[in-house]
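With compact mmCIF, C-alpha atoms (C1' of nucleotides) inside, this is target31.txt:
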```
# COMPACT_ATOMS: atom_id res chain seq x y z
CA MET A 1 18.69 -22.55 -12.87
CA ILE A 2 15.67 -22.38 -15.10
CA GLU A 3 14.22 -25.36 -13.28
CA HIS A 4 13.55 -23.14 -10.28
CA LEU A 5 11.38 -20.91 -12.43
CA ILE A 6 9.68 -23.89 -14.06
CA ALA A 7 8.88 -25.32 -10.66
CA HIS A 8 7.44 -21.99 -9.63
CA ILE A 9 5.26 -21.82 -12.73
CA GLY A 10 4.04 -25.29 -11.91
CA LYS A 11 2.62 -24.02 -8.64
CA PHE A 12 0.24 -21.74 -10.52
CA CYS A 13 -0.71 -23.60 -13.68
CA THR A 14 0.14 -26.60 -15.80
CA ILE A 15 1.89 -26.03 -19.09
CA ASP A 16 3.09 -28.52 -21.65
CA PRO A 17 6.68 -29.49 -20.65
CA ASP A 18 7.82 -29.18 -24.25
CA LYS A 19 6.83 -25.55 -24.24
CA LEU A 20 8.52 -24.98 -20.92
CA ASN A 21 11.74 -26.18 -22.45
CA LEU A 22 11.65 -23.14 -24.71
CA LEU A 23 11.93 -20.89 -21.69
CA GLU A 24 15.62 -21.15 -21.07
CA ALA A 25 16.62 -19.42 -24.30
CA PHE A 26 14.80 -16.24 -23.31
CA PHE A 27 16.45 -15.72 -19.97
CA GLU A 28 19.85 -14.60 -18.91
CA HIS A 29 21.36 -16.09 -15.81
CA ARG A 30 23.16 -13.51 -13.71
CA ILE A 31 24.93 -13.37 -10.40
CA TYR A 32 25.18 -10.14 -8.46
CA LYS A 33 27.59 -9.48 -5.67
CA LYS A 34 26.45 -8.04 -2.36
CA LYS A 35 25.56 -4.34 -2.79
CA GLU A 36 25.64 -4.51 -6.58
CA LEU A 37 22.87 -2.71 -8.46
CA LEU A 38 20.43 -4.60 -10.68
CA LEU A 39 18.65 -1.43 -11.71
CA THR A 40 19.40 2.26 -11.22
CA GLU A 41 16.74 4.90 -10.72
CA GLY A 42 16.53 7.08 -13.81
CA ASP A 43 17.80 4.45 -16.20
CA ARG A 44 15.48 2.93 -18.74
CA CYS A 45 14.01 -0.20 -17.22
CA HIS A 46 13.58 -2.96 -19.76
CA GLU A 47 14.21 -6.00 -17.59
CA LYS A 48 12.57 -7.94 -14.86
CA PHE A 49 14.16 -10.43 -12.51
CA PHE A 50 13.24 -13.74 -11.00
CA VAL A 51 15.26 -14.31 -7.85
CA VAL A 52 16.63 -17.84 -7.78
CA LYS A 53 18.78 -17.40 -4.71
CA GLY A 54 19.61 -14.45 -2.53
CA CYS A 55 17.86 -11.21 -1.65
CA VAL A 56 17.47 -7.78 -3.21
CA HIS A 57 15.72 -4.62 -2.14
CA LEU A 58 13.77 -2.10 -4.19
CA PHE A 59 14.31 1.49 -3.09
CA TYR A 60 14.31 5.10 -4.18
CA LEU A 61 16.17 8.23 -3.20
CA ARG A 62 14.18 10.51 -0.91
CA GLN A 63 14.20 14.30 -1.04
CA ASN A 64 16.49 14.30 1.96
CA GLY A 65 18.96 11.97 0.28
CA MET A 66 18.12 8.85 2.27
CA GLU A 67 17.47 5.58 0.51
CA GLN A 68 13.92 4.47 1.16
CA THR A 69 13.37 0.73 0.84
CA VAL A 70 9.94 -0.08 -0.57
CA ASP A 71 10.21 -3.83 -0.97
CA PHE A 72 12.38 -6.89 -0.67
CA ALA A 73 12.52 -9.86 -3.00
CA ILE A 74 13.90 -13.26 -2.08
CA GLU A 75 13.84 -16.72 -3.62
CA ASN A 76 10.94 -17.25 -6.03
CA TRP A 77 9.90 -13.63 -6.25
CA TRP A 78 9.82 -11.45 -9.29
CA VAL A 79 11.11 -7.93 -8.94
CA SER A 80 11.33 -4.87 -11.14
CA ASP A 81 9.98 -1.37 -11.45
CA PHE A 82 6.91 -2.77 -13.15
CA MET A 83 5.50 0.58 -14.16
CA ALA A 84 8.71 1.42 -15.99
CA PHE A 85 9.00 -2.12 -17.31
CA GLN A 86 5.50 -2.10 -18.76
CA HIS A 87 6.02 1.20 -20.56
CA SER A 88 9.74 0.95 -21.07
CA THR A 89 10.30 4.29 -19.39
CA ALA A 90 12.79 5.61 -16.85
CA ALA A 91 12.89 3.67 -13.60
CA GLN A 92 11.58 5.39 -10.49
CA PHE A 93 13.28 2.82 -8.30
CA SER A 94 16.64 1.20 -7.91
CA ILE A 95 17.26 -2.44 -7.09
CA ARG A 96 20.27 -3.66 -5.16
CA ALA A 97 21.52 -7.02 -3.97
CA VAL A 98 21.40 -7.27 -0.17
CA GLU A 99 23.54 -10.38 -0.35
CA LYS A 100 25.06 -12.37 -3.19
CA THR A 101 22.12 -12.98 -5.47
CA GLU A 102 21.36 -15.19 -8.41
CA VAL A 103 18.62 -14.15 -10.83
CA LEU A 104 17.00 -15.05 -14.09
CA CYS A 105 16.62 -11.91 -16.13
CA ILE A 106 14.30 -11.31 -19.04
CA THR A 107 13.98 -8.20 -21.17
CA ALA A 108 10.66 -6.72 -22.19
CA GLU A 109 11.42 -7.59 -25.78
CA HIS A 110 12.26 -11.19 -25.00
CA GLN A 111 9.14 -11.47 -22.91
CA ARG A 112 7.04 -10.26 -25.82
CA LYS A 113 8.52 -12.96 -28.04
CA LEU A 114 8.24 -15.59 -25.36
CA LEU A 115 4.59 -14.84 -24.70
CA LYS A 116 3.93 -15.06 -28.41
CA GLU A 117 5.46 -18.52 -28.48
CA VAL A 118 4.05 -19.66 -25.15
CA PRO A 119 0.89 -17.61 -24.55
CA GLU A 120 -0.04 -19.98 -21.75
CA LEU A 121 2.46 -18.08 -19.62
CA ASN A 122 0.00 -15.21 -19.49
CA GLU A 123 -2.03 -17.33 -17.13
CA TYR A 124 0.99 -17.69 -14.89
CA PHE A 125 1.63 -13.97 -14.83
CA HIS A 126 -2.04 -13.23 -14.39
CA LEU A 127 -2.20 -15.35 -11.24
CA LEU A 128 1.20 -14.15 -10.09
CA PHE A 129 0.38 -10.47 -10.26
CA GLN A 130 -3.05 -11.03 -8.84
CA LYS A 131 -1.37 -12.63 -5.86
CA ALA A 132 1.17 -9.83 -5.62
CA TYR A 133 -1.57 -7.23 -5.76
CA ALA A 134 -3.57 -9.07 -3.13
CA ALA A 135 -0.47 -9.13 -0.93
CA ALA A 136 -0.14 -5.38 -1.44
CA GLN A 137 -3.74 -4.93 -0.30
CA MET A 138 -2.90 -6.81 2.88
CA ARG A 139 0.23 -4.79 3.38
CA PHE A 140 -1.77 -1.57 3.18
CA ARG A 141 -4.05 -3.07 5.76
CA PHE A 142 -1.16 -3.69 8.12
CA LEU A 143 0.20 -0.20 7.57
CA TYR A 144 -3.16 1.26 8.52
CA GLU A 145 -3.81 -1.04 11.43
CA PHE A 146 -0.54 -1.25 13.27
CA SER A 147 1.64 1.18 15.13
CA LYS A 148 5.32 1.11 14.20
CA GLU A 149 6.06 -1.09 17.16
CA GLU A 150 3.28 -3.50 16.22
CA LEU A 151 4.55 -3.52 12.65
CA TYR A 152 7.93 -4.63 13.90
CA ARG A 153 6.49 -7.34 16.14
CA HIS A 154 4.20 -8.59 13.44
CA PHE A 155 7.01 -8.74 10.96
CA SER A 156 9.43 -10.45 13.32
CA GLN A 157 6.84 -13.07 14.19
CA HIS A 158 6.02 -13.83 10.57
CA PHE A 159 9.52 -13.74 9.12
CA PRO A 160 11.92 -14.48 11.96
CA ASP A 161 14.48 -16.05 9.64
CA PHE A 162 14.33 -13.22 7.14
CA MET A 163 15.21 -10.72 9.86
CA GLN A 164 18.58 -12.37 10.22
CA ARG A 165 19.34 -11.80 6.56
CA VAL A 166 19.01 -8.05 6.26
CA PRO A 167 20.73 -5.25 8.17
CA GLN A 168 18.53 -3.45 10.63
CA TYR A 169 18.65 -0.12 8.91
CA LEU A 170 17.09 -1.66 5.81
CA LEU A 171 14.40 -3.27 7.89
CA ALA A 172 13.69 -0.01 9.68
CA SER A 173 13.47 1.76 6.34
CA TYR A 174 11.11 -0.86 4.95
CA LEU A 175 8.87 -0.72 7.99
CA GLY A 176 8.80 3.03 7.73
CA PHE A 177 10.72 4.24 10.73
CA THR A 178 14.17 5.26 11.89
CA PRO A 179 16.98 2.94 12.96
CA GLU A 180 17.00 4.75 16.30
CA TYR A 181 13.41 3.86 16.97
CA LEU A 182 14.03 0.29 15.94
CA SER A 183 16.75 0.11 18.60
CA GLU A 184 14.32 1.39 21.17
CA ILE A 185 11.74 -1.24 20.23
CA ARG A 186 14.26 -4.05 20.28
CA LYS A 187 15.42 -3.06 23.73
CA LYS A 188 11.88 -3.36 25.06
CA TYR A 189 11.38 -6.56 23.09
CA LEU A 190 14.23 -8.31 24.92
CA SER A 191 12.35 -8.52 28.19
CA MET B 192 -22.87 -2.43 -20.57
CA ILE B 193 -20.43 -5.06 -21.65
CA GLU B 194 -19.09 -2.67 -24.28
CA HIS B 195 -17.43 -0.66 -21.53
CA LEU B 196 -15.47 -3.71 -20.50
CA ILE B 197 -14.67 -4.61 -24.08
CA ALA B 198 -13.39 -1.11 -24.70
CA HIS B 199 -11.22 -1.41 -21.61
CA ILE B 200 -9.80 -4.72 -22.76
CA GLY B 201 -9.00 -3.07 -26.08
CA LYS B 202 -6.72 -0.64 -24.32
CA PHE B 203 -4.47 -3.49 -23.19
CA CYS B 204 -4.55 -6.03 -25.98
CA THR B 205 -6.33 -6.97 -29.18
CA ILE B 206 -8.63 -9.96 -29.14
CA ASP B 207 -10.76 -11.41 -31.90
CA PRO B 208 -14.13 -9.60 -31.77
CA ASP B 209 -15.98 -12.89 -32.19
CA LYS B 210 -14.44 -14.14 -29.00
CA LEU B 211 -15.24 -10.92 -27.20
CA ASN B 212 -18.88 -11.46 -28.03
CA LEU B 213 -18.80 -14.51 -25.82
CA LEU B 214 -18.03 -12.34 -22.82
CA GLU B 215 -21.51 -11.06 -22.10
CA ALA B 216 -22.89 -14.46 -21.14
CA PHE B 217 -20.41 -14.80 -18.28
CA PHE B 218 -21.16 -11.55 -16.53
CA GLU B 219 -24.02 -10.33 -14.46
CA HIS B 220 -25.03 -6.72 -14.70
CA ARG B 221 -25.88 -5.25 -11.32
CA ILE B 222 -26.83 -1.90 -9.91
CA TYR B 223 -26.13 -1.06 -6.30
CA LYS B 224 -27.72 1.77 -4.41
CA LYS B 225 -25.64 4.23 -2.42
CA LYS B 226 -24.27 2.54 0.74
CA GLU B 227 -25.24 -0.93 -0.43
CA LEU B 228 -22.71 -3.71 0.15
CA LEU B 229 -21.16 -5.60 -2.75
CA LEU B 230 -19.16 -7.84 -0.45
CA THR B 231 -19.18 -8.39 3.30
CA GLU B 232 -16.09 -9.17 5.35
CA GLY B 233 -16.20 -12.76 6.52
CA ASP B 234 -18.40 -13.98 3.68
CA ARG B 235 -16.98 -16.26 1.06
CA CYS B 236 -15.72 -14.13 -1.79
CA HIS B 237 -16.32 -15.74 -5.16
CA GLU B 238 -16.94 -12.66 -7.29
CA LYS B 239 -15.05 -9.79 -8.73
CA PHE B 240 -16.46 -6.55 -10.07
CA PHE B 241 -15.77 -4.27 -12.99
CA VAL B 242 -17.12 -0.81 -12.22
CA VAL B 243 -18.99 0.57 -15.23
CA LYS B 244 -20.29 3.68 -13.50
CA GLY B 245 -20.13 4.95 -9.96
CA CYS B 246 -17.74 4.47 -7.07
CA VAL B 247 -17.14 1.90 -4.36
CA HIS B 248 -14.72 1.62 -1.50
CA LEU B 249 -12.89 -1.38 -0.11
CA PHE B 250 -12.60 -1.38 3.67
CA TYR B 251 -12.26 -3.51 6.75
CA LEU B 252 -13.31 -3.27 10.37
CA ARG B 253 -10.55 -2.15 12.68
CA GLN B 254 -9.99 -3.45 16.20
CA ASN B 255 -11.53 -0.26 17.53
CA GLY B 256 -14.65 -0.72 15.41
CA MET B 257 -13.89 1.98 12.85
CA GLU B 258 -14.20 1.23 9.16
CA GLN B 259 -10.79 1.61 7.53
CA THR B 260 -10.94 2.38 3.82
CA VAL B 261 -8.10 0.76 1.93
CA ASP B 262 -9.05 1.59 -1.65
CA PHE B 263 -11.56 3.17 -3.96
CA ALA B 264 -12.69 1.91 -7.35
CA ILE B 265 -14.33 4.05 -9.98
CA GLU B 266 -15.18 3.67 -13.65
CA ASN B 267 -13.03 1.09 -15.44
CA TRP B 268 -11.51 -0.40 -12.33
CA TRP B 269 -11.74 -3.93 -11.12
CA VAL B 270 -12.34 -4.48 -7.46
CA SER B 271 -12.55 -7.44 -5.12
CA ASP B 272 -10.75 -9.04 -2.23
CA PHE B 273 -8.39 -10.70 -4.67
CA MET B 274 -6.72 -12.90 -2.10
CA ALA B 275 -10.08 -14.34 -1.10
CA PHE B 276 -11.23 -14.45 -4.72
CA GLN B 277 -8.17 -16.38 -5.85
CA HIS B 278 -8.55 -19.00 -3.13
CA SER B 279 -12.29 -18.79 -2.69
CA THR B 280 -11.91 -18.16 1.01
CA ALA B 281 -13.54 -15.78 3.49
CA ALA B 282 -13.22 -12.12 2.57
CA GLN B 283 -10.99 -9.97 4.73
CA PHE B 284 -12.54 -6.82 3.29
CA SER B 285 -15.96 -5.42 2.61
CA ILE B 286 -16.95 -3.41 -0.45
CA ARG B 287 -19.63 -0.75 -0.41
CA ALA B 288 -21.10 1.61 -2.98
CA VAL B 289 -20.16 5.21 -2.20
CA GLU B 290 -22.75 6.36 -4.70
CA LYS B 291 -25.21 4.56 -6.99
CA THR B 292 -22.96 2.14 -8.83
CA GLU B 293 -23.24 -0.06 -11.87
CA VAL B 294 -20.98 -3.10 -12.14
CA LEU B 295 -20.29 -6.15 -14.21
CA CYS B 296 -19.86 -9.09 -11.90
CA ILE B 297 -18.19 -12.39 -12.63
CA THR B 298 -17.87 -15.40 -10.35
CA ALA B 299 -14.65 -17.34 -9.96
CA GLU B 300 -16.30 -20.32 -11.57
CA HIS B 301 -17.52 -18.35 -14.56
CA GLN B 302 -14.10 -16.82 -14.94
CA ARG B 303 -12.54 -20.26 -15.06
CA LYS B 304 -14.88 -21.27 -17.85
CA LEU B 305 -14.44 -17.99 -19.65
CA LEU B 306 -10.66 -18.22 -19.58
CA LYS B 307 -10.89 -21.74 -20.92
CA GLU B 308 -12.93 -20.50 -23.86
CA VAL B 309 -11.01 -17.26 -24.33
CA PRO B 310 -7.52 -17.83 -22.94
CA GLU B 311 -6.40 -14.62 -24.62
CA LEU B 312 -7.99 -12.79 -21.71
CA ASN B 313 -5.16 -13.97 -19.53
CA GLU B 314 -3.02 -11.43 -21.33
CA TYR B 315 -5.49 -8.72 -20.40
CA PHE B 316 -5.48 -9.70 -16.76
CA HIS B 317 -1.74 -10.12 -16.75
CA LEU B 318 -1.25 -6.54 -17.91
CA LEU B 319 -4.06 -5.26 -15.74
CA PHE B 320 -2.72 -6.70 -12.51
CA GLN B 321 0.81 -5.74 -13.42
CA LYS B 322 -0.39 -2.19 -13.73
CA ALA B 323 -2.35 -2.41 -10.49
CA TYR B 324 0.68 -3.78 -8.68
CA ALA B 325 2.87 -1.08 -10.14
CA ALA B 326 0.37 1.50 -8.92
CA ALA B 327 0.55 -0.06 -5.47
CA GLN B 328 4.35 0.29 -5.55
CA MET B 329 3.93 3.99 -6.26
CA ARG B 330 1.36 4.32 -3.53
CA PHE B 331 3.77 2.82 -1.01
CA ARG B 332 6.29 5.32 -2.22
CA PHE B 333 3.92 8.20 -1.51
CA LEU B 334 3.07 6.80 1.90
CA TYR B 335 6.76 6.70 2.79
CA GLU B 336 7.65 10.04 1.29
CA PHE B 337 4.86 12.35 2.32
CA SER B 338 3.58 13.68 5.60
CA LYS B 339 -0.19 13.43 6.06
CA GLU B 340 -0.57 17.01 4.97
CA GLU B 341 1.51 16.42 1.84
CA LEU B 342 -0.51 13.29 1.11
CA TYR B 343 -3.64 15.38 1.14
CA ARG B 344 -2.21 18.07 -1.10
CA HIS B 345 -0.80 15.54 -3.52
CA PHE B 346 -4.10 13.75 -3.71
CA SER B 347 -6.15 16.89 -4.14
CA GLN B 348 -3.89 18.08 -6.93
CA HIS B 349 -4.03 14.81 -8.79
CA PHE B 350 -7.70 13.99 -8.33
CA PRO B 351 -9.51 17.29 -7.73
CA ASP B 352 -12.72 16.01 -9.29
CA PHE B 353 -12.69 12.77 -7.35
CA MET B 354 -12.52 14.68 -4.08
CA GLN B 355 -15.97 16.09 -4.79
CA ARG B 356 -17.41 12.61 -5.09
CA VAL B 357 -16.55 11.12 -1.74
CA PRO B 358 -17.33 12.32 1.78
CA GLN B 359 -14.39 13.71 3.67
CA TYR B 360 -14.36 11.08 6.36
CA LEU B 361 -13.79 8.38 3.71
CA LEU B 362 -11.01 10.40 2.19
CA ALA B 363 -9.41 10.95 5.60
CA SER B 364 -9.65 7.24 6.29
CA TYR B 365 -8.09 6.34 2.94
CA LEU B 366 -5.26 8.80 3.43
CA GLY B 367 -4.66 7.38 6.87
CA PHE B 368 -5.65 10.14 9.23
CA THR B 369 -8.56 11.46 11.24
CA PRO B 370 -11.39 13.67 9.95
CA GLU B 371 -10.37 16.21 12.58
CA TYR B 372 -6.90 16.51 11.18
CA LEU B 373 -8.28 16.77 7.67
CA SER B 374 -10.29 19.76 8.82
CA GLU B 375 -7.16 21.35 10.19
CA ILE B 376 -5.33 20.85 6.91
CA ARG B 377 -8.17 22.20 4.82
CA LYS B 378 -8.34 25.33 6.95
CA LYS B 379 -4.68 26.05 6.26
CA TYR B 380 -5.15 25.10 2.64
CA LEU B 381 -7.74 27.84 2.11
CA SER B 382 -5.20 30.64 2.40
C1' DC C 383 45.56 -1.66 13.30
C1' DG C 384 42.49 1.96 12.09
C1' DC C 385 38.75 3.58 9.53
C1' DG C 386 34.08 3.57 8.18
C1' DA C 387 29.70 1.42 8.51
C1' DC C 388 26.38 0.00 11.72
C1' DG C 389 23.93 0.03 16.06
C1' DT C 390 22.65 2.22 20.57
C1' DT C 391 21.30 5.78 23.94
C1' DG C 392 19.27 9.90 25.68
C1' DA C 393 17.30 14.76 25.28
C1' DT C 394 14.31 17.38 22.82
C1' DT C 395 10.72 18.37 19.47
C1' DT C 396 6.66 17.70 16.64
C1' DG C 397 3.04 15.71 13.71
C1' DC C 398 -0.90 13.86 14.50
C1' DC C 399 -4.34 11.59 17.61
C1' DT C 400 -7.87 11.62 21.24
C1' DC C 401 -11.65 13.47 23.35
C1' DA C 402 -15.34 16.57 23.88
C1' DA C 403 -18.31 19.97 22.38
C1' DC C 404 -20.44 22.47 19.03
C1' DG C 405 -22.38 23.97 13.98
C1' DA C 406 -24.12 22.52 9.59
C1' DT C 407 -26.29 19.70 6.59
C1' DT C 408 -28.95 15.86 5.16
C1' DG C 409 -32.61 12.81 5.35
C1' DT C 410 -36.91 10.96 7.12
C1' DG C 411 -41.44 10.21 9.13
C1' DG C 412 -45.55 12.51 10.62
C1' DC D 413 -43.49 20.49 3.98
C1' DC D 414 -41.86 21.03 8.37
C1' DA D 415 -39.57 19.18 12.76
C1' DC D 416 -36.41 16.49 14.53
C1' DA D 417 -32.73 13.19 14.42
C1' DA D 418 -28.82 11.51 12.61
C1' DT D 419 -24.90 12.16 10.07
C1' DC D 420 -21.11 14.93 8.84
C1' DG D 421 -17.74 18.61 9.44
C1' DT D 422 -15.21 21.98 12.52
C1' DT D 423 -12.70 23.76 16.53
C1' DG D 424 -9.71 23.61 20.45
C1' DA D 425 -7.13 21.51 24.51
C1' DG D 426 -4.19 18.15 25.85
C1' DG D 427 -1.29 14.03 25.10
C1' DC D 428 1.60 10.55 22.97
C1' DA D 429 4.18 8.02 19.35
C1' DA D 430 7.86 8.62 16.77
C1' DA D 431 11.27 11.88 14.53
C1' DT D 432 15.40 14.57 14.98
C1' DC D 433 19.86 15.53 16.56
C1' DA D 434 24.09 14.51 18.70
C1' DA D 435 27.23 11.59 20.83
C1' DC D 436 29.12 7.41 21.79
C1' DG D 437 30.10 1.91 21.43
C1' DT D 438 31.31 -1.79 18.32
C1' DC D 439 32.16 -4.60 14.76
C1' DG D 440 33.97 -6.05 10.16
C1' DC D 441 36.99 -5.20 6.60
C1' DG D 442 40.88 -3.31 3.80
```

Representation of the structure as structure tokens:
Amino acid sequence: MIEHLIAHIGKFCTIDPDKLNLLEAFFEHRIYKKKELLLTEGDRCHEKFFVVKGCVHLFYLRQNGMEQTVDFAIENWWVSDFMAFQHSTAAQFSIRAVEKTEVLCITAEHQRKLLKEVPELNEYFHLLFQKAYAAAQMRFRFLYEFSKEELYRHFSQHFPDFMQRVPQYLLASYLGFTPEYLSEIRKKYLS
Amino acid sequence: MIEHLIAHIGKFCTIDPDKLNLLEAFFEHRIYKKKELLLTEGDRCHEKFFVVKGCVHLFYLRQNGMEQTVDFAIENWWVSDFMAFQHSTAAQFSIRAVEKTEVLCITAEHQRKLLKEVPELNEYFHLLFQKAYAAAQMRFRFLYEFSKEELYRHFSQHFPDFMQRVPQYLLASYLGFTPEYLSEIRKKYLS
DNA sequence: CGCGACGTTGATTTGCCTCAACGATTGTGG
DNA sequence: CCACAATCGTTGAGGCAAATCAACGTCGCG
């Protein structure tokens, strides 16, 4: 399992293999069933997750009771409520497995110890979060630029395979519109 | 100048003061006049900026020719097109001074050398980008949750002083609506 | 088999945009 | 220091994208 993470680290920076062997001890390997919760809004968030296999979504409960999906995470992505993780406060988001999902989980405390032993990992996380933040900048750009219909088309062109993996109502939620409107778009799209 | 940055680093982690004294040599201190460009869309982006004093906005040119503001940066914020910075490719965004602005500028190359000499800074950037990404998660949440009018009210309650600093059309652009609609909201808001 | 979750369809409503015209304010050259 | 232009903000009429609501297929699962 840990080799997936090590391979991922290798894409960003080179770290002494001996040090990388220390990694395993700090992580917990977990398997979540479809629809199981990794994190519940309101609970203290002291973990973050590296998705080895599967798919989860990050969401929160809206005023009107609907679950609003803010993000997905699939293979080789980290996911957590990072604000809550950084400050060890109550989570503002929940995380749920969309399908059976395998993760490597590390607590804030373990991460502190790990980074003390292998400070080189800070470079990995630096580059990783820089990339994630840059991706967020682009996502804002798309949100500004595109109509809902264009958002859907853009997304379906860029991630055609991913669309097969998640139910439409989650996709609609993520893209910021209603399942009804998604139906309408898809109908047009089939011609 | 550099002491502002050093103070900011101190908020995230503790680094040997001797090492921090090395910092100055890697940065260039610059002053931009109001409306001057720090970065132009399409140019190669090999710099990032730490705002010491003033305010800039990050924007891109829409299909219809309008400038779409995606973000602001004020005192103690880093700003760049981080995607382009990370890969040293063409910028997808421009950056312009909203008012007279003082920055510390570092090139990608200098940063590489600096991080080799002071690898502890990777911890700073790790925490910094984690925080920035977490803030982006919250911003997505607001974008999903609020109507345009609520976005405006939320923003004006949280950053009343900032609203005085930027022209309304930039604010409208950032919040994702037209100056005309902003006028309409403000009229209601004055009762 | 039957129930509940998911997807579709159509009628109606609305938040916000577009366009055009008009004040107000700022800045700039003579 | 004024005149004029350009930029910025406001107002109103009309229109459209997308939401809401309600009702009805359909599929997977216990």

Problem - Contacts of Met274 of chain B within 7 Å, only C-alpha atoms (C1' of nucleotides), excl. fewer than 4 positions in-chain, as a list in words - result: Lys131 and Ala134 of chain A; His278 of chain B

Practice task
Measure the distance from atom CA of Gln277 of chain B to atom CA of Leu318 of chain B in Å and round it to one decimal.
Solution key: 17.0 Å

Exercise for the section: Extract, using only C-alpha atoms (C1' of nucleotides), all DNA, RNA and protein residues at most 6 Å from segment 284-290 of chain B, discarding same-chain residues fewer than 3 positions from it, and format them as a PyMOL selection string. Expected result: chain B and resi 225-232+246-251

Using the selection just defined, write its residues with C-alpha atoms as a PDB file, in the coordinates of the input.
```
ATOM      1  CA  LYS B 225     -25.640   4.230  -2.420  1.00  0.00           C
ATOM      2  CA  LYS B 226     -24.270   2.540   0.740  1.00  0.00           C
ATOM      3  CA  GLU B 227     -25.240  -0.930  -0.430  1.00  0.00           C
ATOM      4  CA  LEU B 228     -22.710  -3.710   0.150  1.00  0.00           C
ATOM      5  CA  LEU B 229     -21.160  -5.600  -2.750  1.00  0.00           C
ATOM      6  CA  LEU B 230     -19.160  -7.840  -0.450  1.00  0.00           C
ATOM      7  CA  THR B 231     -19.180  -8.390   3.300  1.00  0.00           C
ATOM      8  CA  GLU B 232     -16.090  -9.170   5.350  1.00  0.00           C
ATOM      9  CA  CYS B 246     -17.740   4.470  -7.070  1.00  0.00           C
ATOM     10  CA  VAL B 247     -17.140   1.900  -4.360  1.00  0.00           C
ATOM     11  CA  HIS B 248     -14.720   1.620  -1.500  1.00  0.00           C
ATOM     12  CA  LEU B 249     -12.890  -1.380  -0.110  1.00  0.00           C
ATOM     13  CA  PHE B 250     -12.600  -1.380   3.670  1.00  0.00           C
ATOM     14  CA  TYR B 251     -12.260  -3.510   6.750  1.00  0.00           C
TER      15      TYR B 251
END
```

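For the pair atom CA of Lys244 of chain B and atom CA of His199 of chain B, the separation is 13.2 Å.
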
Exercise for the section: Write down, as a PyMOL selection string, each residue of chain B that has any atom within 10 Å of an atom of chain C, counting all atoms listed in the file. Expected result: chain B and resi 338-340+368-369+371-372

Could you list the residues in chain A lying within 7 Å of chain B, using only C-alpha atoms, and format the result as a PDB file with C-alpha atoms, in the coordinates of the input?
```
ATOM      1  CA  ARG A  62      14.180  10.510  -0.910  1.00  0.00           C
ATOM      2  CA  VAL A  70       9.940  -0.080  -0.570  1.00  0.00           C
ATOM      3  CA  PHE A  82       6.910  -2.770 -13.150  1.00  0.00           C
ATOM      4  CA  MET A  83       5.500   0.580 -14.160  1.00  0.00           C
ATOM      5  CA  ASN A 122       0.000 -15.210 -19.490  1.00  0.00           C
ATOM      6  CA  GLU A 123      -2.030 -17.330 -17.130  1.00  0.00           C
ATOM      7  CA  PHE A 125       1.630 -13.970 -14.830  1.00  0.00           C
ATOM      8  CA  HIS A 126      -2.040 -13.230 -14.390  1.00  0.00           C
ATOM      9  CA  PHE A 129       0.380 -10.470 -10.260  1.00  0.00           C
ATOM     10  CA  GLN A 130      -3.050 -11.030  -8.840  1.00  0.00           C
ATOM     11  CA  LYS A 131      -1.370 -12.630  -5.860  1.00  0.00           C
ATOM     12  CA  ALA A 132       1.170  -9.830  -5.620  1.00  0.00           C
ATOM     13  CA  TYR A 133      -1.570  -7.230  -5.760  1.00  0.00           C
ATOM     14  CA  ALA A 134      -3.570  -9.070  -3.130  1.00  0.00           C
ATOM     15  CA  ALA A 136      -0.140  -5.380  -1.440  1.00  0.00           C
ATOM     16  CA  PHE A 140      -1.770  -1.570   3.180  1.00  0.00           C
ATOM     17  CA  ARG A 141      -4.050  -3.070   5.760  1.00  0.00           C
ATOM     18  CA  TYR A 144      -3.160   1.260   8.520  1.00  0.00           C
ATOM     19  CA  GLU A 145      -3.810  -1.040  11.430  1.00  0.00           C
ATOM     20  CA  GLY A 176       8.800   3.030   7.730  1.00  0.00           C
TER      21      GLY A 176
END
```

Handout entry: Point-to-point distance from atom CA of Ala172 of chain A to atom C1' of DC439 of chain D, Å rounded to tenths
Key = 19.7 Å

Restrict the calculation to only C-alpha atoms (C1' of nucleotides), then for each residue of chain D with any atom at most 9 Å from an atom of chain B give the closest atom pair and their distance in Å to one decimal, rows by chain and rising residue number, as JSON lines.
```
{"residue": "D:DC420", "atom": "C1'", "partner": "B:Tyr360", "partner_atom": "CA", "distance": 8.2}
{"residue": "D:DG421", "atom": "C1'", "partner": "B:Ser374", "partner_atom": "CA", "distance": 7.6}
{"residue": "D:DT422", "atom": "C1'", "partner": "B:Ser374", "partner_atom": "CA", "distance": 6.5}
{"residue": "D:DT423", "atom": "C1'", "partner": "B:Glu375", "partner_atom": "CA", "distance": 8.8}
```

Could you work out an axis-aligned box for segment 385-404 of chain C, taking every atom the file lists and adding 8 Å on each side, and report centre and edge lengths in Å to one decimal, as JSON?
```
{"center_x": 9.2, "center_y": 11.2, "center_z": 16.9, "size_x": 75.2, "size_y": 38.5, "size_z": 33.5}
```

Handout entry: Among the residues A:Phe142, A:Tyr152, A:Phe12, A:Phe49, the one that comes closest to Thr101 of chain A [using only C-alpha atoms]
Key = A:Phe49
